[in-house]
file model27.pdb (PDB, C-alpha atoms and all ligand atoms)
ATOM      1  CA  MET A   1       0.000   0.000   0.000  1.00  0.00           C
ATOM      2  CA  LYS A   2       1.236   3.477  -0.926  1.00  0.00           C
ATOM      3  CA  THR A   3       2.165   5.925   1.836  1.00  0.00           C
ATOM      4  CA  ILE A   4       0.782   9.482   1.890  1.00  0.00           C
ATOM      5  CA  GLU A   5       4.169  10.755   0.705  1.00  0.00           C
ATOM      6  CA  GLN A   6       3.989   8.381  -2.296  1.00  0.00           C
ATOM      7  CA  ILE A   7       0.378   9.317  -3.136  1.00  0.00           C
ATOM      8  CA  LYS A   8       1.300  13.014  -2.956  1.00  0.00           C
ATOM      9  CA  LYS A   9       3.579  12.477  -5.951  1.00  0.00           C
ATOM     10  CA  ASP A  10       0.514  11.577  -8.063  1.00  0.00           C
ATOM     11  CA  PHE A  11      -0.740  15.171  -7.683  1.00  0.00           C
ATOM     12  CA  GLU A  12       0.468  18.687  -8.269  1.00  0.00           C
ATOM     13  CA  ILE A  13      -0.779  22.075  -7.171  1.00  0.00           C
ATOM     14  CA  ARG A  14      -0.281  25.019  -9.457  1.00  0.00           C
ATOM     15  CA  GLU A  15      -1.761  28.289 -10.585  1.00  0.00           C
ATOM     16  CA  PRO A  16      -4.515  28.095 -13.188  1.00  0.00           C
ATOM     17  CA  PHE A  17      -3.576  28.956 -16.775  1.00  0.00           C
ATOM     18  CA  VAL A  18      -5.595  30.058 -19.806  1.00  0.00           C
ATOM     19  CA  GLN A  19      -5.420  26.528 -21.230  1.00  0.00           C
ATOM     20  CA  ASP A  20      -7.134  25.073 -18.117  1.00  0.00           C
ATOM     21  CA  GLU A  21     -10.438  26.655 -19.089  1.00  0.00           C
ATOM     22  CA  GLU A  22     -12.336  23.528 -20.145  1.00  0.00           C
ATOM     23  CA  ASN A  23     -10.922  21.481 -17.277  1.00  0.00           C
ATOM     24  CA  VAL A  24     -11.827  24.113 -14.667  1.00  0.00           C
ATOM     25  CA  LEU A  25     -15.278  24.889 -16.048  1.00  0.00           C
ATOM     26  CA  LYS A  26     -16.232  21.192 -16.184  1.00  0.00           C
ATOM     27  CA  CYS A  27     -15.190  20.911 -12.567  1.00  0.00           C
ATOM     28  CA  ARG A  28     -17.193  24.037 -11.696  1.00  0.00           C
ATOM     29  CA  GLN A  29     -20.244  22.529 -13.381  1.00  0.00           C
ATOM     30  CA  GLU A  30     -19.922  19.424 -11.250  1.00  0.00           C
ATOM     31  CA  PHE A  31     -19.905  21.482  -8.043  1.00  0.00           C
ATOM     32  CA  ILE A  32     -22.938  23.460  -9.197  1.00  0.00           C
ATOM     33  CA  GLN A  33     -24.907  20.343 -10.142  1.00  0.00           C
ATOM     34  CA  ASP A  34     -24.109  18.944  -6.713  1.00  0.00           C
ATOM     35  CA  ASN A  35     -25.198  22.196  -5.043  1.00  0.00           C
ATOM     36  CA  SER A  36     -21.762  22.354  -3.480  1.00  0.00           C
ATOM     37  CA  TYR A  37     -19.931  25.613  -2.758  1.00  0.00           C
ATOM     38  CA  ILE A  38     -16.398  25.797  -4.197  1.00  0.00           C
ATOM     39  CA  ASN A  39     -14.471  26.502  -1.034  1.00  0.00           C
ATOM     40  CA  GLY A  40     -11.037  27.918  -1.911  1.00  0.00           C
ATOM     41  CA  GLY A  41     -12.135  28.552  -5.481  1.00  0.00           C
ATOM     42  CA  ALA A  42     -11.636  32.336  -5.648  1.00  0.00           C
ATOM     43  CA  GLY A  43     -15.323  32.985  -6.172  1.00  0.00           C
ATOM     44  CA  LEU A  44     -15.654  30.440  -8.991  1.00  0.00           C
ATOM     45  CA  THR A  45     -19.094  29.401  -7.760  1.00  0.00           C
ATOM     46  CA  LYS A  46     -20.410  32.814  -8.822  1.00  0.00           C
ATOM     47  CA  ILE A  47     -18.070  33.672 -11.700  1.00  0.00           C
ATOM     48  CA  SER A  48     -18.877  31.730 -14.870  1.00  0.00           C
ATOM     49  CA  ASP A  49     -16.560  33.669 -17.197  1.00  0.00           C
ATOM     50  CA  TYR A  50     -13.146  32.004 -17.126  1.00  0.00           C
ATOM     51  CA  ALA A  51     -11.154  35.084 -18.174  1.00  0.00           C
ATOM     52  CA  GLU A  52     -12.833  37.105 -15.438  1.00  0.00           C
ATOM     53  CA  TRP A  53     -12.004  34.411 -12.900  1.00  0.00           C
ATOM     54  CA  LEU A  54      -8.358  34.248 -14.010  1.00  0.00           C
ATOM     55  CA  GLN A  55      -8.161  38.014 -13.581  1.00  0.00           C
ATOM     56  CA  ARG A  56      -9.503  37.680 -10.059  1.00  0.00           C
ATOM     57  CA  VAL A  57      -6.890  35.028  -9.266  1.00  0.00           C
ATOM     58  CA  GLU A  58      -4.213  37.371 -10.637  1.00  0.00           C
ATOM     59  CA  ASN A  59      -5.508  40.321  -8.593  1.00  0.00           C
ATOM     60  CA  ASP A  60      -5.566  38.185  -5.459  1.00  0.00           C
ATOM     61  CA  LYS A  61      -1.985  37.061  -6.117  1.00  0.00           C
ATOM     62  CA  ASN A  62      -0.827  40.661  -6.353  1.00  0.00           C
ATOM     63  CA  GLY A  63      -2.958  41.821  -3.443  1.00  0.00           C
ATOM     64  CA  SER A  64      -4.420  44.533  -5.656  1.00  0.00           C
ATOM     65  CA  ASN A  65      -7.937  44.462  -4.251  1.00  0.00           C
ATOM     66  CA  ARG A  66      -7.633  42.661  -0.897  1.00  0.00           C
ATOM     67  CA  PRO A  67      -4.923  41.000   1.220  1.00  0.00           C
ATOM     68  CA  LYS A  68      -2.699  38.693  -0.830  1.00  0.00           C
ATOM     69  CA  ARG A  69      -3.991  35.225  -1.637  1.00  0.00           C
ATOM     70  CA  THR A  70      -2.587  32.390  -3.690  1.00  0.00           C
ATOM     71  CA  GLU A  71      -5.205  30.363  -5.511  1.00  0.00           C
ATOM     72  CA  LEU A  72      -4.189  26.986  -6.854  1.00  0.00           C
ATOM     73  CA  LEU A  73      -5.597  24.004  -8.706  1.00  0.00           C
ATOM     74  CA  PHE A  74      -5.170  20.530  -7.238  1.00  0.00           C
ATOM     75  CA  ILE A  75      -4.473  18.315 -10.248  1.00  0.00           C
ATOM     76  CA  ARG A  76      -4.159  14.555 -10.667  1.00  0.00           C
ATOM     77  CA  LYS A  77      -1.159  14.032 -12.932  1.00  0.00           C
ATOM     78  CA  SER A  78      -2.304  10.736 -14.528  1.00  0.00           C
ATOM     79  CA  ASP A  79      -5.265  12.322 -16.334  1.00  0.00           C
ATOM     80  CA  ASP A  80      -4.532  16.027 -15.793  1.00  0.00           C
ATOM     81  CA  ARG A  81      -7.904  16.325 -14.040  1.00  0.00           C
ATOM     82  CA  VAL A  82      -8.714  19.235 -11.768  1.00  0.00           C
ATOM     83  CA  VAL A  83      -9.669  17.425  -8.571  1.00  0.00           C
ATOM     84  CA  GLY A  84      -9.887  20.387  -6.221  1.00  0.00           C
ATOM     85  CA  PHE A  85      -9.197  24.007  -5.365  1.00  0.00           C
ATOM     86  CA  ILE A  86      -6.931  25.663  -2.799  1.00  0.00           C
ATOM     87  CA  ASN A  87      -6.812  29.205  -1.544  1.00  0.00           C
ATOM     88  CA  ILE A  88      -3.949  30.341   0.688  1.00  0.00           C
ATOM     89  CA  ARG A  89      -4.334  33.610   2.579  1.00  0.00           C
ATOM     90  CA  HIS A  90      -0.930  35.051   3.316  1.00  0.00           C
ATOM     91  CA  THR A  91      -2.211  37.134   6.213  1.00  0.00           C
ATOM     92  CA  LEU A  92      -5.242  36.888   8.456  1.00  0.00           C
ATOM     93  CA  GLU A  93      -6.974  40.249   8.335  1.00  0.00           C
ATOM     94  CA  ASN A  94     -10.711  40.927   8.357  1.00  0.00           C
ATOM     95  CA  GLY A  95     -11.638  38.239  10.859  1.00  0.00           C
ATOM     96  CA  PHE A  96      -9.906  35.382   9.046  1.00  0.00           C
ATOM     97  CA  ASP A  97      -7.841  34.888  12.216  1.00  0.00           C
ATOM     98  CA  ILE A  98     -11.100  33.819  13.861  1.00  0.00           C
ATOM     99  CA  SER A  99     -12.830  31.953  11.053  1.00  0.00           C
ATOM    100  CA  GLY A 100     -11.479  31.071   7.614  1.00  0.00           C
ATOM    101  CA  GLY A 101      -7.830  30.728   8.526  1.00  0.00           C
ATOM    102  CA  HIS A 102      -4.932  30.490   6.090  1.00  0.00           C
ATOM    103  CA  ILE A 103      -6.212  27.728   3.808  1.00  0.00           C
ATOM    104  CA  GLY A 104      -9.539  27.123   2.087  1.00  0.00           C
ATOM    105  CA  TYR A 105     -10.061  23.993   0.009  1.00  0.00           C
ATOM    106  CA  SER A 106     -12.501  21.690  -1.675  1.00  0.00           C
ATOM    107  CA  ILE A 107     -12.513  18.429  -3.593  1.00  0.00           C
ATOM    108  CA  ARG A 108     -14.891  18.011  -6.534  1.00  0.00           C
ATOM    109  CA  PRO A 109     -17.916  15.902  -5.557  1.00  0.00           C
ATOM    110  CA  SER A 110     -17.078  12.856  -7.721  1.00  0.00           C
ATOM    111  CA  GLU A 111     -13.611  12.557  -6.161  1.00  0.00           C
ATOM    112  CA  ARG A 112     -14.529  12.854  -2.481  1.00  0.00           C
ATOM    113  CA  ASN A 113     -13.942  10.215   0.168  1.00  0.00           C
ATOM    114  CA  LYS A 114     -10.899   8.753  -1.607  1.00  0.00           C
ATOM    115  CA  GLY A 115      -8.323  10.319   0.692  1.00  0.00           C
ATOM    116  CA  TYR A 116      -7.713  13.221  -1.687  1.00  0.00           C
ATOM    117  CA  GLY A 117      -8.769  15.966   0.746  1.00  0.00           C
ATOM    118  CA  THR A 118      -6.108  14.759   3.173  1.00  0.00           C
ATOM    119  CA  ILE A 119      -3.513  14.725   0.364  1.00  0.00           C
ATOM    120  CA  LEU A 120      -4.568  18.191  -0.844  1.00  0.00           C
ATOM    121  CA  LEU A 121      -4.117  19.770   2.574  1.00  0.00           C
ATOM    122  CA  SER A 122      -0.778  18.051   3.079  1.00  0.00           C
ATOM    123  CA  ILE A 123       0.534  19.412  -0.250  1.00  0.00           C
ATOM    124  CA  ALA A 124      -0.915  22.859   0.528  1.00  0.00           C
ATOM    125  CA  ILE A 125       0.914  22.896   3.869  1.00  0.00           C
ATOM    126  CA  ASP A 126       4.175  21.920   2.128  1.00  0.00           C
ATOM    127  CA  TYR A 127       3.571  24.880  -0.194  1.00  0.00           C
ATOM    128  CA  CYS A 128       2.988  27.245   2.748  1.00  0.00           C
ATOM    129  CA  ARG A 129       6.164  26.045   4.393  1.00  0.00           C
ATOM    130  CA  LYS A 130       8.459  25.990   1.356  1.00  0.00           C
ATOM    131  CA  LYS A 131       7.174  28.779  -0.881  1.00  0.00           C
ATOM    132  CA  LEU A 132       5.649  31.186   1.629  1.00  0.00           C
ATOM    133  CA  ASN A 133       7.951  30.474   4.566  1.00  0.00           C
ATOM    134  CA  MET A 134       5.017  30.090   6.945  1.00  0.00           C
ATOM    135  CA  LYS A 135       5.874  28.388  10.219  1.00  0.00           C
ATOM    136  CA  LYS A 136       2.327  27.515  11.229  1.00  0.00           C
ATOM    137  CA  VAL A 137      -1.045  27.643   9.569  1.00  0.00           C
ATOM    138  CA  LEU A 138      -4.520  28.182  10.932  1.00  0.00           C
ATOM    139  CA  VAL A 139      -7.198  25.952   9.420  1.00  0.00           C
ATOM    140  CA  THR A 140     -10.805  26.237  10.518  1.00  0.00           C
ATOM    141  CA  CYS A 141     -13.927  24.243   9.817  1.00  0.00           C
ATOM    142  CA  ASP A 142     -17.535  24.102  10.799  1.00  0.00           C
ATOM    143  CA  LYS A 143     -17.951  21.680  13.704  1.00  0.00           C
ATOM    144  CA  SER A 144     -20.530  19.746  11.678  1.00  0.00           C
ATOM    145  CA  ASN A 145     -18.144  19.310   8.715  1.00  0.00           C
ATOM    146  CA  ILE A 146     -16.812  15.917   9.774  1.00  0.00           C
ATOM    147  CA  ALA A 147     -14.864  15.272   6.556  1.00  0.00           C
ATOM    148  CA  SER A 148     -13.008  18.583   6.791  1.00  0.00           C
ATOM    149  CA  LYS A 149     -12.337  18.116  10.488  1.00  0.00           C
ATOM    150  CA  LYS A 150     -10.793  14.704   9.756  1.00  0.00           C
ATOM    151  CA  VAL A 151      -8.731  16.125   6.893  1.00  0.00           C
ATOM    152  CA  ILE A 152      -7.290  18.682   9.345  1.00  0.00           C
ATOM    153  CA  ILE A 153      -6.652  16.130  12.095  1.00  0.00           C
ATOM    154  CA  ASN A 154      -5.055  13.763   9.554  1.00  0.00           C
ATOM    155  CA  ASN A 155      -2.596  16.591   8.935  1.00  0.00           C
ATOM    156  CA  ASN A 156      -1.716  16.948  12.623  1.00  0.00           C
ATOM    157  CA  GLY A 157      -4.057  19.835  13.274  1.00  0.00           C
ATOM    158  CA  LYS A 158      -4.259  20.698  16.960  1.00  0.00           C
ATOM    159  CA  ILE A 159      -7.449  22.356  18.095  1.00  0.00           C
ATOM    160  CA  GLU A 160      -7.109  25.745  19.793  1.00  0.00           C
ATOM    161  CA  ASN A 161     -10.752  26.529  20.466  1.00  0.00           C
ATOM    162  CA  GLU A 162     -14.279  26.755  19.137  1.00  0.00           C
ATOM    163  CA  VAL A 163     -16.012  30.010  18.292  1.00  0.00           C
ATOM    164  CA  ALA A 164     -19.614  30.773  17.497  1.00  0.00           C
ATOM    165  CA  GLU A 165     -20.362  32.294  14.108  1.00  0.00           C
ATOM    166  CA  GLY A 166     -24.065  32.968  13.840  1.00  0.00           C
ATOM    167  CA  GLU A 167     -25.717  29.611  14.357  1.00  0.00           C
ATOM    168  CA  ASN A 168     -22.546  27.698  13.492  1.00  0.00           C
ATOM    169  CA  ILE A 169     -19.717  26.558  15.696  1.00  0.00           C
ATOM    170  CA  ILE A 170     -16.292  26.971  14.111  1.00  0.00           C
ATOM    171  CA  GLU A 171     -13.365  24.820  15.188  1.00  0.00           C
ATOM    172  CA  ARG A 172      -9.937  26.466  14.949  1.00  0.00           C
ATOM    173  CA  TYR A 173      -6.877  24.267  14.410  1.00  0.00           C
ATOM    174  CA  TRP A 174      -3.172  25.083  14.144  1.00  0.00           C
ATOM    175  CA  ILE A 175      -0.850  22.982  12.060  1.00  0.00           C
ATOM    176  CA  LYS A 176       2.804  23.584  12.891  1.00  0.00           C
ATOM    177  CA  ASN A 177       5.594  22.633  10.528  1.00  0.00           C
TER     178      ASN A 177
HETATM  179  C1  LIG B 201     -13.968  18.480   3.142  1.00  0.00           C
HETATM  180  C2  LIG B 201     -13.499  17.796   1.862  1.00  0.00           C
HETATM  181  C3  LIG B 201     -12.359  18.638   1.255  1.00  0.00           C
HETATM  182  C4  LIG B 201     -12.965  16.410   2.212  1.00  0.00           C
HETATM  183  O1  LIG B 201     -12.411  15.844   1.054  1.00  0.00           O
HETATM  184  P1  LIG B 201     -12.300  14.262   0.868  1.00  0.00           P
HETATM  185  O2  LIG B 201     -11.476  14.032  -0.341  1.00  0.00           O
HETATM  186  O3  LIG B 201     -13.642  13.639   0.918  1.00  0.00           O
HETATM  187  O4  LIG B 201     -11.475  13.864   2.190  1.00  0.00           O
HETATM  188  P2  LIG B 201     -10.809  12.467   2.514  1.00  0.00           P
HETATM  189  O5  LIG B 201     -11.206  11.457   1.504  1.00  0.00           O
HETATM  190  O6  LIG B 201      -9.355  12.708   2.733  1.00  0.00           O
HETATM  191  O7  LIG B 201     -11.521  12.057   3.884  1.00  0.00           O
HETATM  192  C5  LIG B 201     -11.047  12.466   5.144  1.00  0.00           C
HETATM  193  C6  LIG B 201     -11.820  11.695   6.206  1.00  0.00           C
HETATM  194  O8  LIG B 201     -13.189  12.140   6.209  1.00  0.00           O
HETATM  195  C7  LIG B 201     -14.057  11.037   6.040  1.00  0.00           C
HETATM  196  N1  LIG B 201     -15.181  11.499   5.233  1.00  0.00           N
HETATM  197  C8  LIG B 201     -15.183  11.838   3.928  1.00  0.00           C
HETATM  198  N2  LIG B 201     -16.395  12.271   3.571  1.00  0.00           N
HETATM  199  C9  LIG B 201     -17.163  12.192   4.665  1.00  0.00           C
HETATM  200  C10 LIG B 201     -18.525  12.517   4.923  1.00  0.00           C
HETATM  201  N3  LIG B 201     -19.324  12.998   3.967  1.00  0.00           N
HETATM  202  N4  LIG B 201     -18.994  12.323   6.178  1.00  0.00           N
HETATM  203  C11 LIG B 201     -18.188  11.868   7.156  1.00  0.00           C
HETATM  204  N5  LIG B 201     -16.889  11.548   6.969  1.00  0.00           N
HETATM  205  C12 LIG B 201     -16.394  11.715   5.736  1.00  0.00           C
HETATM  206  C13 LIG B 201     -13.219   9.999   5.332  1.00  0.00           C
HETATM  207  O9  LIG B 201     -13.722   8.711   5.557  1.00  0.00           O
HETATM  208  C14 LIG B 201     -11.869  10.216   5.977  1.00  0.00           C
HETATM  209  O10 LIG B 201     -11.885   9.591   7.242  1.00  0.00           O
HETATM  210  P3  LIG B 201     -10.566   8.940   7.876  1.00  0.00           P
HETATM  211  O11 LIG B 201      -9.559  10.019   8.009  1.00  0.00           O
HETATM  212  O12 LIG B 201     -11.048   8.394   9.183  1.00  0.00           O
HETATM  213  O13 LIG B 201     -10.125   7.889   6.902  1.00  0.00           O
HETATM  214  C15 LIG B 201     -14.662  17.620   0.835  1.00  0.00           C
HETATM  215  O14 LIG B 201     -15.710  16.921   1.466  1.00  0.00           O
HETATM  216  C16 LIG B 201     -15.196  18.936   0.292  1.00  0.00           C
HETATM  217  O15 LIG B 201     -14.655  19.462  -0.685  1.00  0.00           O
HETATM  218  N6  LIG B 201     -16.246  19.474   0.935  1.00  0.00           N
HETATM  219  C17 LIG B 201     -16.857  20.749   0.514  1.00  0.00           C
HETATM  220  C18 LIG B 201     -15.945  21.927   0.789  1.00  0.00           C
HETATM  221  C19 LIG B 201     -15.463  21.990   2.212  1.00  0.00           C
HETATM  222  O16 LIG B 201     -16.191  21.655   3.148  1.00  0.00           O
HETATM  223  N7  LIG B 201     -14.206  22.428   2.367  1.00  0.00           N
HETATM  224  C20 LIG B 201     -13.578  22.582   3.664  1.00  0.00           C
HETATM  225  C21 LIG B 201     -13.927  23.892   4.251  1.00  0.00           C
HETATM  226  S1  LIG B 201     -13.272  24.042   5.891  1.00  0.00           S
END
call {"tool": "encode", "arguments": {"input": "model27.pdb", "output": "structure tokens", "more": "lines below"}}
Ligand SMILES: CC(C)(COP(=O)(O)OP(=O)(O)OC[C@H]1O[C@@H](n2cnc3c(N)ncnc32)[C@H](O)[C@@H]1OP(=O)(O)O)[C@@H](O)C(=O)NCCC(=O)NCCS
result
Amino acid sequence: MKTIEQIKKDFEIREPFVQDEENVLKCRQEFIQDNSYINGGAGLTKISDYAEWLQRVENDKNGSNRPKRTELLFIRKSDDRVVGFINIRHTLENGFDISGGHIGYSIRPSERNKGYGTILLSIAIDYCRKKLNMKKVLVTCDKSNIASKKVIINNNGKIENEVAEGENIIERYWIKN
């Protein structure tokens, strides 16, 4: 059986390019049909125009309209399929230190429950450590989001506390490198 480190090699995370349009939009369609919000998708749930979305990703990267964010595709190398989305917030302004944290993510509905969410977060944390020189990351999830909670714990997340956000309870975890 493959270890997590071996499975991680089957995937890459990278910025979206112009040529990813069909791949990304098919993935978007799948989320929409499933009624599933694209967490970490740089607003892709609402933006249907690919060029507009790419521009938003670019603006976020440069911090031109809000604090810097890096938005990445999670891609399976064997078939070049977009399997998920990742959003890394470089800083935690505007309440993201309470809820939201450094990393947002989602796996497309047809690829869930195969261990990919755990792999995605592990690769995203490597990215934070190596490319952004972050020593620790805050990852939060709704208390009722069992899959996300397990993904965080699988990546050695240590709970700091729970906070109320409206009717929801948010769990706040730190992952130290
Ligand atoms: C959260 C999410 C990324 C998990 O992705 P995934 O690929 O299904 O995760 P994994 O396959 O690595 O599963 C992690 C664990 O959760 C469990 N799990 C998966 N789906 C589950 C579900 N619907 N209910 C309960 N447990 C679930 C798995 O069995 C696994 O358990 P284990 O660690 O004991 O083996 C995915 O469900 C998703 O994209 N959800 C919508 C967006 C979202 O909630 N993002 C996170 C915001 S904080």
call {"tool": "closest_atom_pairs", "arguments": {"input": "model27.pdb", "of": "range 53-146 of chain A", "to": "range 170-176 of chain A", "cutoff": "10 Å", "atoms": "only C-alpha atoms", "output": "Markdown table"}}
result
| residue | atom | partner | partner_atom | distance |
| --- | --- | --- | --- | --- |
| A:Asp97 | CA | A:Arg172 | CA | 9.1 |
| A:Ile98 | CA | A:Arg172 | CA | 7.5 |
| A:Ser99 | CA | A:Ile170 | CA | 6.8 |
| A:Gly100 | CA | A:Arg172 | CA | 8.8 |
| A:Gly101 | CA | A:Arg172 | CA | 8.0 |
| A:His102 | CA | A:Trp174 | CA | 9.9 |
| A:Ile125 | CA | A:Ile175 | CA | 8.4 |
| A:Arg129 | CA | A:Lys176 | CA | 9.5 |
| A:Met134 | CA | A:Lys176 | CA | 9.1 |
| A:Lys135 | CA | A:Lys176 | CA | 6.3 |
| A:Lys136 | CA | A:Lys176 | CA | 4.3 |
| A:Val137 | CA | A:Ile175 | CA | 5.3 |
| A:Leu138 | CA | A:Trp174 | CA | 4.7 |
| A:Val139 | CA | A:Tyr173 | CA | 5.3 |
| A:Thr140 | CA | A:Arg172 | CA | 4.5 |
| A:Cys141 | CA | A:Glu171 | CA | 5.4 |
| A:Asp142 | CA | A:Ile170 | CA | 4.6 |
| A:Lys143 | CA | A:Ile170 | CA | 5.6 |
| A:Ser144 | CA | A:Ile170 | CA | 8.7 |
| A:Asn145 | CA | A:Ile170 | CA | 9.6 |
call {"tool": "residues_near_ligand", "arguments": {"input": "model27.pdb", "ligand": "ligand LIG 201 (chain B)", "cutoff": "8 Å", "atoms": "only C-alpha atoms and all ligand atoms", "output": "PyMOL selection string"}}
result
chain A and resi 36-40+84+100+104-109+111-119+139-142+145-151+153-154
call {"tool": "closest_residue", "arguments": {"input": "model27.pdb", "among": "A:Asp49, A:Asp80, A:Glu58, A:Glu167", "to": "Asp10 in chain A", "atoms": "only C-alpha atoms"}}
result
A:Asp80
call {"tool": "atom_distance", "arguments": {"input": "model27.pdb", "atom1": "CA of Arg89 in chain A", "atom2": "CA of Ala124 in chain A"}}
result
11.5 Å
call {"tool": "resolve_selection", "arguments": {"input": "model27.pdb", "expression": "the PyMOL selection byres (((chain A and resi 70) around 6) and not hetatm)", "output": "list in words"}}
result
Lys61, Arg69, Glu71, Asn87 and Ile88 of chain A
call {"tool": "closest_residue", "arguments": {"input": "model27.pdb", "among": "A:Glu15, A:Glu22, A:Asp126, A:Glu160", "to": "Ile75 in chain A", "atoms": "all atoms listed in the file"}}
result
A:Glu15
call {"tool": "closest_residue", "arguments": {"input": "model27.pdb", "among": "A:Asn35, A:Gln29, A:Asn59, A:Ser78", "to": "Phe11 in chain A", "atoms": "all atoms listed in the file"}}
result
A:Ser78
call {"tool": "atom_distance", "arguments": {"input": "model27.pdb", "atom1": "CA of Gln6 in chain A", "atom2": "CA of Asp20 in chain A"}}
result
25.5 Å
